Amino acid sequence: MIRIIHFREKCVGCNACVEAAPFRWRISRKDGKSILIGGKERKNVFSLLTGEDEFLANISASENCPVKIIKLEKLN
(Lines give C-alpha, C1' and ligand atoms only; values in the text may rest on other atoms or scores of the structure.)
Protein backbone atom coordinates (compact mmCIF):
# COMPACT_ATOMS: atom_id res chain seq x y z
CA MET A 1 0.00 0.00 0.00
CA ILE A 2 0.98 3.60 -0.49
CA ARG A 3 -0.26 6.81 1.07
CA ILE A 4 -0.58 9.88 -1.14
CA ILE A 5 -0.41 13.17 0.76
CA HIS A 6 -1.49 16.40 -0.93
CA PHE A 7 -0.97 19.88 0.52
CA ARG A 8 -3.73 21.36 -1.65
CA GLU A 9 -3.65 24.86 -0.16
CA LYS A 10 -0.26 25.52 -1.83
CA CYS A 11 -1.31 24.17 -5.27
CA VAL A 12 -0.68 26.45 -8.25
CA GLY A 13 -2.91 24.49 -10.65
CA CYS A 14 -0.21 23.61 -13.19
CA ASN A 15 -1.93 20.30 -14.17
CA ALA A 16 1.26 18.17 -13.96
CA CYS A 17 -0.37 15.70 -11.57
CA VAL A 18 -3.39 15.29 -13.83
CA GLU A 19 -1.16 14.58 -16.81
CA ALA A 20 0.82 11.95 -14.85
CA ALA A 21 -2.13 10.20 -13.17
CA PRO A 22 -5.50 11.34 -14.58
CA PHE A 23 -7.33 8.53 -12.76
CA ARG A 24 -6.25 9.99 -9.39
CA TRP A 25 -6.07 13.78 -10.01
CA ARG A 26 -8.25 16.47 -11.55
CA ILE A 27 -8.36 20.25 -11.60
CA SER A 28 -11.21 21.95 -9.74
CA ARG A 29 -13.42 24.20 -11.85
CA LYS A 30 -14.13 26.17 -8.70
CA ASP A 31 -10.61 27.35 -7.79
CA GLY A 32 -8.26 25.91 -10.42
CA LYS A 33 -6.32 23.76 -7.93
CA SER A 34 -5.78 20.03 -8.18
CA ILE A 35 -7.98 17.56 -6.35
CA LEU A 36 -6.82 14.17 -5.06
CA ILE A 37 -9.69 11.96 -6.19
CA GLY A 38 -10.87 9.92 -3.21
CA GLY A 39 -8.71 11.86 -0.77
CA LYS A 40 -9.86 12.65 2.75
CA GLU A 41 -9.18 16.08 4.27
CA ARG A 42 -7.70 16.68 7.68
CA LYS A 43 -6.49 20.15 8.63
CA ASN A 44 -6.21 21.29 4.98
CA VAL A 45 -4.12 18.25 4.02
CA PHE A 46 -5.62 15.52 1.85
CA SER A 47 -4.52 11.89 1.98
CA LEU A 48 -5.44 8.58 0.45
CA LEU A 49 -4.38 4.97 0.88
CA THR A 50 -4.13 3.07 -2.39
CA GLY A 51 -2.44 0.09 -3.96
CA GLU A 52 1.12 -0.34 -5.21
CA ASP A 53 -0.23 -0.35 -8.78
CA GLU A 54 -0.60 3.43 -8.56
CA PHE A 55 2.92 4.10 -7.31
CA LEU A 56 4.69 4.84 -10.61
CA ALA A 57 2.07 7.25 -11.93
CA ASN A 58 1.84 9.12 -8.64
CA ILE A 59 5.58 9.31 -8.08
CA SER A 60 5.69 10.96 -11.49
CA ALA A 61 2.96 13.37 -10.37
CA SER A 62 4.99 14.14 -7.24
CA GLU A 63 8.27 14.66 -9.09
CA ASN A 64 6.66 16.86 -11.77
CA CYS A 65 4.89 19.12 -9.26
CA PRO A 66 6.69 22.49 -9.40
CA VAL A 67 5.76 23.39 -5.81
CA LYS A 68 6.43 19.88 -4.38
CA ILE A 69 3.14 19.50 -2.53
CA ILE A 70 2.54 15.80 -3.33
CA LYS A 71 4.24 13.24 -1.10
CA LEU A 72 4.16 9.46 -1.26
CA GLU A 73 4.80 6.99 1.55
CA LYS A 74 5.19 3.24 1.06
CA LEU A 75 3.44 1.33 3.83
CA ASN A 76 4.07 -2.27 4.82
# chains A, B, ... in the order shown; residues from 1 in each chain; ligands from 1
>>> residues_around(residues="Gly32 in chain A", least_positions_apart="5", cutoff="10 Å", atoms="only C-alpha atoms", output="PyMOL selection string")
chain A and resi 11-15+26-27
>>> select_by_dssp(residues="chain A", states="helix (DSSP H, G or I)", output="PyMOL selection string")
chain A and resi 8-10+16-20+52-64
>>> residues_around(residues="range 33-41 of chain A", least_positions_apart="2", cutoff="9 Å", atoms="only C-alpha atoms", output="MDAnalysis selection string")
chainID A and resid 4:6 8:15 17:18 23:31 43:49
>>> atom_distance(atom1="CA of Glu54 in chain A", atom2="CA of Phe7 in chain A")
18.8 Å
>>> atom_distance(atom1="CA of Ala57 in chain A", atom2="CA of Ala16 in chain A")
11.1 Å
>>> select_by_dssp(residues="chain A", states="strand (DSSP E)", output="ChimeraX atom specification")
/A:2-6,25-27,34-36,40-42,45-50,70-74
>>> residues_around(residues="Ile59 in chain A", least_positions_apart="5", cutoff="12 Å", atoms="only C-alpha atoms", output="ChimeraX atom specification")
/A:2-5,16-17,20-21,24,52-54,64-65,68-74
